[in-house]
Amino acid sequence: MFVVYVFRGVLIHSTLGCLTICSLSCTVSSIPCWQLKQVREENRKVVENYTSERTMRKKYYNMVEDMKGKIRVFCRIRPMSRTEAAQGGAIAVGRLDDYSVTVETSRGPREFQFDRVFSGESSQEDVFQDTNRLIQSAIDGFNVCIFAYGQTGSGKTFTMVGDRDQRSPGIMPRAFNAVFDILQENATKFDFKVSVYMLELYNDRLQDLFVSGAEAQSRRVEIKRNRKGLVFAQGAETKEASSAGELFAMFQQACANRHNAATKMNVESSRSHLIIGIMVESRNLTNGSVSFGKLSLVDLAGSERAAKTGAKDDQLKEANSINKSLSALGDVISALSSDLPHIPYRNSKLTQIMQDSLGGNAKTLMVVNVSPSDCNLDETLTSLIYATRVKTITNIAQRNLESKEIAQLKEVIMKLRSGQPVEDEEV
Amino acid sequence: MASTYSHEWRAVCDKFNNAQDLSEVESRKDPENDPFRSKYKARELLREIYCSLKNFDVDSPAGSRAAKLGAVEYYLGVNHVETEELSAGEEHLMNCMTLLEKCSISPENVSLFIQVRNQLGILWAGRDEIEKAQGFLETAEAMYIRYMKEDGQPPMDLTEFFVAEEEALPQQERTKRFEMAYTHTLYYLAQVYKNLEQYEKAGGYCHSTLQRQLEFNQFLPLEWAINAATLSQYYITKTLYMEGRHCLSAASVIADLAGEVPSEAAAQESEAEAEKRDQLRQKRAEIARCWIKYCLNLLQDAKKLLEDNIGELDMDRQAELRATRLKEEEEKERGRKSAVLFGSSDTFDSICGLEEKVSCVFPVDFEEARAIFLVGQTYVNQAKEYFEMDGHVTDHIEILQDHSALFKALAFFEEDLERRCKMHKRRVDMMEPICKDLNAQYYLLVCRQLQFELAETYYEMMDLKLAVANKQDDLDAHTVKKFNHLCSSSTKFYQMFLDSVRSPEGKWPEKLEDEVLRPALVAKFRVARLHSRLISSSKTIQLENLNRSLECYNFVVQYCKDNPEAKSAIETELELSEEMVSLLPLKINRLQANLASSN
């Protein structure tokens, strides 16, 4: 059975998807051959126009979204695995065009819109091409976050890290190179300093991946931000890197310290979230101004455990028989009204960490990885998207009240109009 | 009943205990590659129990036998659901329902009646059939209510179908388990109504669930407290301040039950203590923030009721509110008795004690407003202890903004203009250093908020200074200087806000984004106004200021001409700007002529 998730408010925009082109050719048996041909030709054109129009619409929509700087979502469908092929599983998830995916569900096909869709044929280079400009943003002083999301075995780690021998490296190692390539290009104009921390979030606990064994256990790590916007991992080591190679070596060391060994279900992936923060401090050599940018790269753990315990949005959450927790109560209460003055919830460390990368003027890219024969995305998605809700800038300015000032000005206008003398300070 | 004591019956009971143990305890240790091993073993045992029951026990009363079989079906159903075999689970649960049809509700089986419906509710909700789930759960609810009305003695627990008589549970334990099952019914109903978007109903069920958790001592203090605090925020949006205050008082009292905050030294010693320290401090600070919002909203809502069309205290409205308040108070007193109150016997007094510390009715005068303000300020200080600037930048600033808003609301009630001005000065003092210190790139949103608020506060102070001077009827050099300083400060912050809208290259966007559209145009409008209000004895400077003012008015008019869709966002200001654009040049010309002739 398929579980299908709708990305509330973020992705759905096209109603055109429901539109079907009527096939005209089946009722034309009495029509002469040349006419039939003509109709067929017209029909083909209609379909063609429709397709290109649809593609254009989506493209423009994406451009607009992009300008707004909201979270962008890519979808990557991996090829069938050998096991899946051997089991004779049908392909249920397909790429319609560059922007949409169709999923065969028990209730018929459903279409999902994304900012970009990659199929099994897309290479690592293809995926990275679209992420490259985000790295430029990080160097320009923005808070950029790229993360992969999806079920265990859907290809997250392949997307983010790559294969084990690094024959087709993923976003992380490519980003290391890209950062230093861009820095090189600008070396005459800027003075750069690159530093990095690498953390693992395992069982809601942050662990420094630069230290190993018992020492790592005893350290308490927290991610914080200071007033200059600098992100720092309190209690974790931050190392400076002077080249892509150095950065990659650190990455390999960090990977070796991860909780990989414990996982039995999927050899390649793990239960832990990998969080890499690359901070770029740049000093403009001409005017001396300093800016800080940060690139967060996150490989999220698989979500199949959550699915097992019933984390789907509309499902009722059961009372926990072990402790006295009625965990869903908080979710229900916070959903009662969309304008609660204060929501005291901080669901998990992960949301807390990601929140910084999602709100305000951050630029975020999420790669949703799906297996072609399955599709299962859990609540983290909902809560992450929830975290992107933009807040209004100034409530005060939103009000259109007959304020004192407007009343005063109206008086001034009256006087000016009737030619009465107006004191200078009253204008 | 002889069979109850027979050897076979003993074997059945042992098997059942085994199955329970496998399902509840052993299953937690199952390996990840065989996650349901113990559940499957438990299922086998349950099946064996079912067969045994079918074979003997024929001589016991029909109802009791059916209920027993129903209980096994129930456990089998739950077992299948837990192992993700939903259709099989449904079948067993429906078998249980069928068996129960033969029985009338009694203390022996009422628990089963309710729990099987709870399970079916969950099952159908999982299949996106919320209405079906709702049906089962609402029936369960009705059954509980009827049973408690008609019978009410502590009913047997499900597990008691399979224990020897001497091992029967004590009354107290029976009550606890039965009430817990019903609490779960309400908990599921809360979720059902949320999914059906019946939020008011969902809120009511959340409230009852919380109340029952407390009453039957089935809660985790911090989780409970945070839920109650969140619920208070819902009541605030509905202007139900009595309910909101009750939730918050309960939240504070219950959060204290979670224990003492470990000392910093203890936290350094062990990770567990550090975690506990952080959790307790964080949650308590969160509850304090909910209190701040309570105080702030109460003041702001009162202000809305009392202000006239230019935002000043309206005496007539004040008298009116006083009168209606008196009437309402009596009604509330009566309503209170029927409201759903929180508290177990040992917490009820402390909850009421805390409630008495702050009013839940709209303040009508400065004294009353001040009392609420002071409570809010205490919570501001409490919240800031945890949400320090370093590490919790966004939270810290949000709290400061609330503090500033508290002052602003209080100032409304202050009649003395000088003192009112001082309150605004306090707002400036707390926001200005932070606004200057923040990295505008990372905290763009916060910076804009602060800039805008600072600009408005300076504007307010400028108006107050002028009003004071007008009263005294003397505009000495010192006052003029002060006035001009406030005027330029306001302009400066509006300008900073406007600059934040520009591109990194300093270019003004052709089209303003939705969320800055109105603020930016309002800021331009205000800057126009501010320029023309600067006092100068030099005609040249006057002329310069007026020209700048005209420029800004022109900007607003021109922008709306180029982007007609912006008009609706700024109607009043646009209208006035248009007038000024036509009238101001006349004045400028006159001044110019004046200047020329005097030269």
# chains A, B, ... in the order shown; residues from 1 in each chain; ligands from 1

call {"tool": "residues_around", "arguments": {"residues": "Gly120 of chain A", "least_positions_apart": "3", "cutoff": "6 Å", "atoms": "only C-alpha atoms", "output": "number ranges by chain"}}
result
A: 77-79

call {"tool": "interface_residues", "arguments": {"of": "chain B", "to": "chain A", "cutoff": "7 Å", "atoms": "only C-alpha atoms", "output": "short mmCIF file (atom, residue, chain, number, x, y, z; two decimals) with all heavy atoms, in the first residue's frame"}}
result
data_model
loop_
_atom_site.label_atom_id
_atom_site.label_comp_id
_atom_site.auth_asym_id
_atom_site.auth_seq_id
_atom_site.Cartn_x
_atom_site.Cartn_y
_atom_site.Cartn_z
N ASN B 33 16.16 -6.69 12.90
CA ASN B 33 15.87 -7.46 11.69
C ASN B 33 14.76 -8.48 11.92
O ASN B 33 14.36 -9.19 11.01
CB ASN B 33 17.14 -8.14 11.15
CG ASN B 33 17.84 -8.94 12.22
OD1 ASN B 33 17.39 -9.01 13.36
ND2 ASN B 33 18.94 -9.56 11.83
N ILE B 122 -8.64 3.94 16.22
CA ILE B 122 -7.27 4.14 15.73
C ILE B 122 -7.10 3.51 14.36
O ILE B 122 -6.52 4.09 13.44
CB ILE B 122 -6.26 3.53 16.72
CG1 ILE B 122 -6.31 4.26 18.04
CG2 ILE B 122 -4.86 3.55 16.15
CD1 ILE B 122 -5.59 3.55 19.14
N ALA B 125 -8.91 5.46 11.58
CA ALA B 125 -8.25 6.75 11.34
C ALA B 125 -6.99 6.52 10.51
O ALA B 125 -6.66 7.32 9.64
CB ALA B 125 -7.91 7.42 12.66
N GLY B 126 -6.33 5.41 10.76
CA GLY B 126 -5.12 5.08 10.01
C GLY B 126 -5.42 4.83 8.55
O GLY B 126 -4.55 4.93 7.69
N ASP B 128 -7.50 6.63 6.91
CA ASP B 128 -8.08 7.88 6.40
C ASP B 128 -9.59 7.91 6.44
O ASP B 128 -10.22 8.67 5.71
CB ASP B 128 -7.63 8.15 4.94
CG ASP B 128 -6.29 8.84 4.92
OD1 ASP B 128 -5.91 9.39 5.97
OD2 ASP B 128 -5.64 8.82 3.87
N HIS B 184 -7.96 7.89 27.23
CA HIS B 184 -7.46 7.65 25.87
C HIS B 184 -8.56 7.89 24.83
O HIS B 184 -8.29 8.42 23.76
CB HIS B 184 -6.89 6.24 25.75
CG HIS B 184 -5.63 6.07 26.53
ND1 HIS B 184 -5.05 4.86 26.79
CD2 HIS B 184 -4.84 7.00 27.13
CE1 HIS B 184 -3.95 5.03 27.51
NE2 HIS B 184 -3.81 6.32 27.73
N TYR B 188 -8.01 10.42 21.78
CA TYR B 188 -8.19 10.10 20.36
C TYR B 188 -9.24 11.01 19.73
O TYR B 188 -9.10 11.45 18.59
CB TYR B 188 -8.59 8.63 20.17
CG TYR B 188 -7.57 7.65 20.73
CD1 TYR B 188 -7.96 6.49 21.37
CD2 TYR B 188 -6.21 7.90 20.60
CE1 TYR B 188 -7.02 5.59 21.89
CE2 TYR B 188 -5.27 7.02 21.11
CZ TYR B 188 -5.68 5.87 21.76
OH TYR B 188 -4.75 5.02 22.26
N GLN B 191 -7.83 14.22 18.68
CA GLN B 191 -7.11 14.13 17.41
C GLN B 191 -8.07 14.04 16.23
O GLN B 191 -7.85 14.62 15.17
CB GLN B 191 -6.18 12.92 17.42
CG GLN B 191 -5.08 13.04 18.44
CD GLN B 191 -4.19 11.80 18.44
OE1 GLN B 191 -3.59 11.45 17.43
NE2 GLN B 191 -4.12 11.13 19.57
N LYS B 194 -9.49 17.36 15.52
CA LYS B 194 -8.46 18.20 14.87
C LYS B 194 -8.39 17.85 13.39
O LYS B 194 -8.38 18.73 12.54
CB LYS B 194 -7.10 17.98 15.53
CG LYS B 194 -6.00 18.79 14.87
CD LYS B 194 -4.65 18.13 14.97
CE LYS B 194 -4.01 18.06 13.61
NZ LYS B 194 -2.82 17.22 13.58
N ASN B 195 -8.36 16.54 13.09
CA ASN B 195 -8.30 16.13 11.69
C ASN B 195 -9.53 16.55 10.91
O ASN B 195 -9.47 16.77 9.71
CB ASN B 195 -8.10 14.62 11.58
CG ASN B 195 -6.71 14.20 12.02
OD1 ASN B 195 -5.82 15.04 12.13
ND2 ASN B 195 -6.52 12.93 12.30
N TYR B 199 -11.98 22.71 15.39
CA TYR B 199 -10.94 23.06 16.36
C TYR B 199 -11.48 23.36 17.75
O TYR B 199 -10.84 23.07 18.75
CB TYR B 199 -10.11 24.23 15.83
CG TYR B 199 -9.33 23.82 14.61
CD1 TYR B 199 -9.54 24.42 13.37
CD2 TYR B 199 -8.41 22.79 14.69
CE1 TYR B 199 -8.84 24.01 12.25
CE2 TYR B 199 -7.70 22.37 13.58
CZ TYR B 199 -7.92 22.99 12.36
OH TYR B 199 -7.23 22.57 11.25
N GLY B 203 -10.27 21.46 20.99
CA GLY B 203 -9.73 22.17 22.16
C GLY B 203 -10.38 21.69 23.44
O GLY B 203 -9.71 21.42 24.44
N CYS B 206 -8.98 18.33 24.34
CA CYS B 206 -7.62 18.45 24.87
C CYS B 206 -7.69 18.85 26.33
O CYS B 206 -7.00 18.30 27.19
CB CYS B 206 -6.83 19.52 24.11
SG CYS B 206 -6.35 18.99 22.48
N GLN B 218 -1.82 10.55 35.89
CA GLN B 218 -1.23 9.86 34.75
C GLN B 218 -0.57 10.87 33.83
O GLN B 218 -1.08 11.14 32.76
CB GLN B 218 -2.32 9.10 33.99
CG GLN B 218 -2.92 7.93 34.71
CD GLN B 218 -1.97 6.77 34.73
OE1 GLN B 218 -1.03 6.72 33.96
NE2 GLN B 218 -2.19 5.82 35.61
N PHE B 219 0.51 11.45 34.26
CA PHE B 219 1.13 12.45 33.40
C PHE B 219 2.62 12.59 33.67
O PHE B 219 3.11 12.19 34.72
CB PHE B 219 0.45 13.81 33.60
CG PHE B 219 0.60 14.35 35.01
CD1 PHE B 219 1.62 15.22 35.32
CD2 PHE B 219 -0.28 13.96 36.00
CE1 PHE B 219 1.77 15.70 36.61
CE2 PHE B 219 -0.14 14.43 37.30
CZ PHE B 219 0.89 15.31 37.60
N LEU B 220 3.32 13.12 32.67
CA LEU B 220 4.72 13.50 32.85
C LEU B 220 4.68 15.01 33.10
O LEU B 220 4.19 15.75 32.25
CB LEU B 220 5.51 13.21 31.57
CG LEU B 220 5.45 11.78 31.06
CD1 LEU B 220 6.12 11.69 29.69
CD2 LEU B 220 6.11 10.83 32.03
N ILE B 226 3.71 21.89 29.54
CA ILE B 226 3.86 22.56 28.25
C ILE B 226 2.54 22.51 27.48
O ILE B 226 2.12 23.48 26.86
CB ILE B 226 5.01 21.92 27.43
CG1 ILE B 226 6.36 22.26 28.05
CG2 ILE B 226 4.98 22.37 25.98
CD1 ILE B 226 6.71 23.74 28.05
N ASN B 227 1.86 21.36 27.55
CA ASN B 227 0.57 21.27 26.88
C ASN B 227 -0.43 22.26 27.45
O ASN B 227 -1.15 22.93 26.71
CB ASN B 227 0.01 19.85 27.00
CG ASN B 227 0.71 18.88 26.07
OD1 ASN B 227 1.32 19.31 25.08
ND2 ASN B 227 0.67 17.61 26.37
N THR B 230 0.42 25.69 26.30
CA THR B 230 0.03 25.92 24.91
C THR B 230 -1.47 26.15 24.80
O THR B 230 -1.93 27.01 24.05
CB THR B 230 0.41 24.72 24.02
OG1 THR B 230 1.70 24.28 24.38
CG2 THR B 230 0.41 25.09 22.57
N LEU B 231 -2.21 25.37 25.57
CA LEU B 231 -3.66 25.54 25.56
C LEU B 231 -4.04 26.96 26.00
O LEU B 231 -4.97 27.57 25.47
CB LEU B 231 -4.31 24.49 26.45
CG LEU B 231 -5.83 24.36 26.35
CD1 LEU B 231 -6.26 24.03 24.93
CD2 LEU B 231 -6.36 23.30 27.31
N GLN B 233 -2.53 29.58 25.33
CA GLN B 233 -2.34 30.48 24.20
C GLN B 233 -3.54 30.42 23.25
O GLN B 233 -3.90 31.41 22.62
CB GLN B 233 -1.05 30.13 23.44
CG GLN B 233 0.19 30.16 24.31
CD GLN B 233 0.47 31.54 24.85
OE1 GLN B 233 0.87 32.45 24.14
NE2 GLN B 233 0.24 31.72 26.15
N TYR B 234 -4.15 29.24 23.19
CA TYR B 234 -5.36 29.12 22.39
C TYR B 234 -6.48 29.94 23.01
O TYR B 234 -7.18 30.69 22.33
CB TYR B 234 -5.75 27.64 22.28
CG TYR B 234 -7.16 27.40 21.77
CD1 TYR B 234 -7.49 27.67 20.46
CD2 TYR B 234 -8.15 26.90 22.61
CE1 TYR B 234 -8.76 27.46 19.98
CE2 TYR B 234 -9.42 26.68 22.15
CZ TYR B 234 -9.74 26.97 20.84
OH TYR B 234 -11.01 26.76 20.37
N THR B 237 -6.24 33.61 22.30
CA THR B 237 -6.71 34.05 20.98
C THR B 237 -8.24 34.17 20.96
O THR B 237 -8.79 34.87 20.13
CB THR B 237 -6.30 33.09 19.84
OG1 THR B 237 -6.93 31.83 20.08
CG2 THR B 237 -4.81 32.91 19.76
N GLU B 286 9.87 28.67 28.88
CA GLU B 286 8.81 28.66 27.86
C GLU B 286 7.46 29.02 28.49
O GLU B 286 6.66 29.75 27.91
CB GLU B 286 8.70 27.29 27.19
CG GLU B 286 9.87 26.92 26.30
CD GLU B 286 9.85 27.61 24.96
OE1 GLU B 286 9.03 28.52 24.77
OE2 GLU B 286 10.66 27.24 24.10
N CYS B 290 4.79 32.18 27.87
CA CYS B 290 3.34 32.12 27.67
C CYS B 290 2.64 33.09 28.62
O CYS B 290 1.65 33.71 28.24
CB CYS B 290 2.83 30.70 27.89
SG CYS B 290 3.36 29.56 26.60
N LYS B 293 2.85 36.56 27.20
CA LYS B 293 1.85 36.79 26.15
C LYS B 293 0.47 37.01 26.77
O LYS B 293 -0.33 37.77 26.24
CB LYS B 293 1.81 35.61 25.19
CG LYS B 293 3.07 35.42 24.40
CD LYS B 293 3.27 36.52 23.38
CE LYS B 293 4.47 36.23 22.50
NZ LYS B 293 4.79 37.33 21.61
N ASN B 309 -10.59 57.10 18.20
CA ASN B 309 -10.11 56.90 16.83
C ASN B 309 -8.70 57.42 16.57
O ASN B 309 -8.12 57.18 15.51
CB ASN B 309 -11.10 57.49 15.81
CG ASN B 309 -11.34 58.95 16.08
OD1 ASN B 309 -10.72 59.54 16.99
ND2 ASN B 309 -12.23 59.56 15.31
N ILE B 310 -8.11 58.15 17.52
CA ILE B 310 -6.70 58.48 17.32
C ILE B 310 -5.80 57.78 18.33
O ILE B 310 -4.66 58.14 18.55
CB ILE B 310 -6.43 60.01 17.34
CG1 ILE B 310 -6.88 60.61 18.68
CG2 ILE B 310 -7.09 60.71 16.16
CD1 ILE B 310 -6.26 61.96 18.94
N GLY B 311 -6.33 56.72 18.93
CA GLY B 311 -5.49 55.90 19.79
C GLY B 311 -5.28 56.43 21.19
O GLY B 311 -4.36 56.02 21.87
N ASP B 390 23.40 35.42 24.14
CA ASP B 390 24.36 34.55 23.47
C ASP B 390 23.83 33.14 23.39
O ASP B 390 23.64 32.47 24.39
CB ASP B 390 25.71 34.60 24.18
CG ASP B 390 26.53 35.77 23.66
OD1 ASP B 390 26.54 35.97 22.43
OD2 ASP B 390 27.11 36.49 24.48
N GLY B 391 23.58 32.70 22.19
CA GLY B 391 23.11 31.35 21.99
C GLY B 391 21.62 31.27 21.70
O GLY B 391 21.15 30.35 21.05
N HIS B 392 20.86 32.23 22.21
CA HIS B 392 19.42 32.20 21.94
C HIS B 392 18.98 33.55 21.37
O HIS B 392 18.01 34.14 21.85
CB HIS B 392 18.63 31.93 23.23
CG HIS B 392 18.94 30.61 23.86
ND1 HIS B 392 18.37 29.44 23.45
CD2 HIS B 392 19.77 30.28 24.87
CE1 HIS B 392 18.82 28.45 24.19
NE2 HIS B 392 19.67 28.93 25.06
N VAL B 393 19.71 34.01 20.40
CA VAL B 393 19.51 35.37 19.89
C VAL B 393 18.04 35.66 19.56
O VAL B 393 17.46 36.61 20.07
CB VAL B 393 20.38 35.62 18.65
CG1 VAL B 393 20.22 37.03 18.17
CG2 VAL B 393 21.83 35.32 18.96
N LEU B 438 23.31 43.75 15.96
CA LEU B 438 22.96 42.53 15.22
C LEU B 438 23.51 42.52 13.80
O LEU B 438 23.57 43.55 13.14
CB LEU B 438 21.45 42.39 15.13
CG LEU B 438 20.70 41.67 16.24
CD1 LEU B 438 19.25 41.57 15.84
CD2 LEU B 438 21.27 40.30 16.50
N ASN B 439 23.84 41.35 13.34
CA ASN B 439 24.25 41.19 11.95
C ASN B 439 22.99 41.17 11.07
O ASN B 439 22.18 40.24 11.12
CB ASN B 439 25.00 39.86 11.82
CG ASN B 439 25.44 39.59 10.41
OD1 ASN B 439 24.95 40.21 9.45
ND2 ASN B 439 26.37 38.68 10.26
N TYR B 442 22.18 38.03 8.71
CA TYR B 442 21.60 36.82 9.27
C TYR B 442 20.27 37.05 9.94
O TYR B 442 19.43 36.17 9.98
CB TYR B 442 22.56 36.20 10.28
CG TYR B 442 23.50 35.23 9.65
CD1 TYR B 442 24.87 35.33 9.84
CD2 TYR B 442 23.01 34.20 8.86
CE1 TYR B 442 25.74 34.44 9.26
CE2 TYR B 442 23.87 33.31 8.27
CZ TYR B 442 25.24 33.43 8.47
OH TYR B 442 26.07 32.55 7.88
N LEU B 444 17.96 39.43 9.32
CA LEU B 444 17.27 40.44 8.52
C LEU B 444 15.88 40.76 9.07
O LEU B 444 15.53 41.91 9.31
CB LEU B 444 17.16 39.94 7.08
CG LEU B 444 16.45 40.89 6.11
CD1 LEU B 444 17.24 42.16 5.95
CD2 LEU B 444 16.22 40.22 4.77
N LEU B 445 15.12 39.70 9.29
CA LEU B 445 13.74 39.89 9.73
C LEU B 445 13.68 40.62 11.07
O LEU B 445 12.96 41.61 11.22
CB LEU B 445 13.08 38.51 9.86
CG LEU B 445 11.58 38.50 10.06
CD1 LEU B 445 10.89 38.92 8.80
CD2 LEU B 445 11.13 37.12 10.49
N ARG B 448 14.75 44.27 10.80
CA ARG B 448 13.70 45.11 10.23
C ARG B 448 12.63 45.43 11.27
O ARG B 448 12.16 46.56 11.38
CB ARG B 448 13.06 44.41 9.04
CG ARG B 448 13.91 44.47 7.81
CD ARG B 448 13.25 43.70 6.70
NE ARG B 448 13.95 43.86 5.44
CZ ARG B 448 13.65 43.16 4.35
NH1 ARG B 448 12.67 42.28 4.37
NH2 ARG B 448 14.33 43.35 3.24
N GLN B 449 12.26 44.40 12.03
CA GLN B 449 11.25 44.62 13.06
C GLN B 449 11.72 45.67 14.06
O GLN B 449 10.97 46.57 14.43
CB GLN B 449 10.96 43.31 13.80
CG GLN B 449 10.11 42.35 13.01
CD GLN B 449 9.99 40.98 13.67
OE1 GLN B 449 10.78 40.64 14.55
NE2 GLN B 449 9.02 40.20 13.25
N GLU B 515 5.63 40.96 1.76
CA GLU B 515 5.72 41.18 3.21
C GLU B 515 6.36 42.52 3.57
O GLU B 515 6.26 42.94 4.71
CB GLU B 515 6.42 40.01 3.90
CG GLU B 515 7.86 39.79 3.53
CD GLU B 515 8.03 38.73 2.43
OE1 GLU B 515 7.12 38.63 1.57
OE2 GLU B 515 9.06 38.05 2.43
N ARG B 518 3.62 47.03 2.45
CA ARG B 518 3.01 48.05 3.29
C ARG B 518 4.02 48.70 4.24
O ARG B 518 4.10 49.94 4.27
CB ARG B 518 1.81 47.50 4.05
CG ARG B 518 1.18 48.54 4.93
CD ARG B 518 -0.21 48.25 5.40
NE ARG B 518 -0.51 49.09 6.55
CZ ARG B 518 -0.89 50.37 6.46
NH1 ARG B 518 -1.07 50.91 5.27
NH2 ARG B 518 -1.12 51.08 7.53
N PRO B 519 4.81 47.92 4.95
CA PRO B 519 5.79 48.58 5.83
C PRO B 519 6.67 49.58 5.10
O PRO B 519 6.90 50.68 5.59
CB PRO B 519 6.62 47.41 6.37
CG PRO B 519 5.72 46.25 6.31
CD PRO B 519 4.84 46.46 5.11
N VAL B 522 4.63 52.70 4.12
CA VAL B 522 4.33 53.46 5.34
C VAL B 522 5.59 54.20 5.80
O VAL B 522 5.53 55.38 6.17
CB VAL B 522 3.80 52.52 6.46
CG1 VAL B 522 3.80 53.24 7.80
CG2 VAL B 522 2.40 52.04 6.14
N SER B 532 9.01 67.26 7.02
CA SER B 532 8.30 68.54 7.05
C SER B 532 8.07 69.01 8.48
O SER B 532 7.69 70.15 8.71
CB SER B 532 6.98 68.43 6.30
OG SER B 532 6.14 67.54 6.97
N ARG B 533 8.31 68.14 9.43
CA ARG B 533 8.06 68.55 10.81
C ARG B 533 9.31 69.11 11.50
O ARG B 533 9.21 69.68 12.58
CB ARG B 533 7.47 67.40 11.61
CG ARG B 533 6.04 67.09 11.16
CD ARG B 533 5.37 66.09 12.04
NE ARG B 533 5.05 66.65 13.36
CZ ARG B 533 4.41 65.97 14.32
NH1 ARG B 533 4.05 64.74 14.10
NH2 ARG B 533 4.16 66.54 15.48
N LEU B 534 10.45 68.89 10.92
CA LEU B 534 11.68 69.42 11.52
C LEU B 534 11.56 70.94 11.68
O LEU B 534 11.10 71.63 10.77
CB LEU B 534 12.88 69.10 10.62
CG LEU B 534 13.52 67.72 10.76
CD1 LEU B 534 14.47 67.47 9.61
CD2 LEU B 534 14.23 67.59 12.09
N ILE B 535 11.97 71.45 12.83
CA ILE B 535 11.84 72.88 13.08
C ILE B 535 13.17 73.57 12.80
O ILE B 535 14.23 73.12 13.28
CB ILE B 535 11.44 73.15 14.54
CG1 ILE B 535 10.11 72.44 14.84
CG2 ILE B 535 11.32 74.65 14.81
CD1 ILE B 535 9.73 72.47 16.30
N LEU B 583 -0.57 69.91 -2.95
CA LEU B 583 -0.59 71.11 -2.13
C LEU B 583 0.80 71.63 -1.74
O LEU B 583 1.03 72.84 -1.65
CB LEU B 583 -1.41 70.87 -0.86
CG LEU B 583 -2.91 70.66 -1.06
CD1 LEU B 583 -3.56 70.17 0.22
CD2 LEU B 583 -3.57 71.95 -1.54
#

call {"tool": "residues_around", "arguments": {"residues": "Cys13 of chain B", "least_positions_apart": "3", "cutoff": "10 Å", "atoms": "only C-alpha atoms", "output": "list in words"}}
result
Thr4, Glu8, Trp9, Arg10, Phe16, Asn17, Asn18, Ala19, Ile49, Thr159, Glu160, Phe161, Phe162, Val163 and Ala164 of chain B

call {"tool": "write_last_selection", "arguments": {"atoms": "N, CA, C and O atoms", "output": "CSV table (one decimal), in the first residue's frame"}}
result
chain,number,residue,atom,x,y,z
B,4,THR,N,-13.2,-22.7,36.7
B,4,THR,CA,-12.3,-21.5,36.9
B,4,THR,C,-11.1,-22.0,37.8
B,4,THR,O,-10.0,-21.4,37.7
B,8,GLU,N,-6.8,-26.8,34.0
B,8,GLU,CA,-6.7,-26.2,32.6
B,8,GLU,C,-6.8,-24.7,32.7
B,8,GLU,O,-6.1,-23.9,32.0
B,9,TRP,N,-7.7,-24.3,33.6
B,9,TRP,CA,-7.8,-22.8,33.7
B,9,TRP,C,-6.6,-22.1,34.2
B,9,TRP,O,-6.2,-21.1,33.7
B,10,ARG,N,-5.9,-22.8,35.1
B,10,ARG,CA,-4.6,-22.3,35.6
B,10,ARG,C,-3.6,-22.1,34.4
B,10,ARG,O,-2.9,-21.1,34.3
B,16,PHE,N,-1.7,-16.6,29.4
B,16,PHE,CA,-2.1,-15.2,29.2
B,16,PHE,C,-1.0,-14.3,29.7
B,16,PHE,O,-0.6,-13.4,29.1
B,17,ASN,N,-0.6,-14.6,31.0
B,17,ASN,CA,0.5,-13.8,31.6
B,17,ASN,C,1.7,-13.8,30.7
B,17,ASN,O,2.4,-12.8,30.5
B,18,ASN,N,2.0,-15.0,30.2
B,18,ASN,CA,3.2,-15.1,29.3
B,18,ASN,C,3.0,-14.2,28.1
B,18,ASN,O,4.0,-13.5,27.7
B,19,ALA,N,1.8,-14.3,27.5
B,19,ALA,CA,1.6,-13.5,26.3
B,19,ALA,C,1.7,-12.0,26.5
B,19,ALA,O,2.3,-11.3,25.8
B,49,ILE,N,-5.0,-20.0,23.7
B,49,ILE,CA,-6.0,-19.7,24.8
B,49,ILE,C,-7.4,-19.7,24.2
B,49,ILE,O,-8.3,-20.3,24.8
B,159,THR,N,-7.4,-7.6,31.8
B,159,THR,CA,-6.5,-8.6,32.2
B,159,THR,C,-7.2,-9.6,33.2
B,159,THR,O,-6.8,-10.7,33.4
B,160,GLU,N,-8.2,-9.1,33.9
B,160,GLU,CA,-8.8,-9.8,35.0
B,160,GLU,C,-9.7,-11.0,34.5
B,160,GLU,O,-10.1,-11.8,35.2
B,161,PHE,N,-9.9,-11.0,33.2
B,161,PHE,CA,-10.6,-12.2,32.6
B,161,PHE,C,-9.8,-13.4,32.8
B,161,PHE,O,-10.3,-14.5,32.8
B,162,PHE,N,-8.5,-13.2,32.9
B,162,PHE,CA,-7.6,-14.4,32.9
B,162,PHE,C,-6.7,-14.4,34.2
B,162,PHE,O,-5.5,-14.7,34.1
B,163,VAL,N,-7.3,-14.1,35.3
B,163,VAL,CA,-6.5,-14.3,36.5
B,163,VAL,C,-7.4,-15.1,37.5
B,163,VAL,O,-8.7,-15.0,37.4
B,164,ALA,N,-6.8,-15.8,38.4
B,164,ALA,CA,-7.5,-16.5,39.4
B,164,ALA,C,-8.2,-15.4,40.3
B,164,ALA,O,-7.7,-14.3,40.4
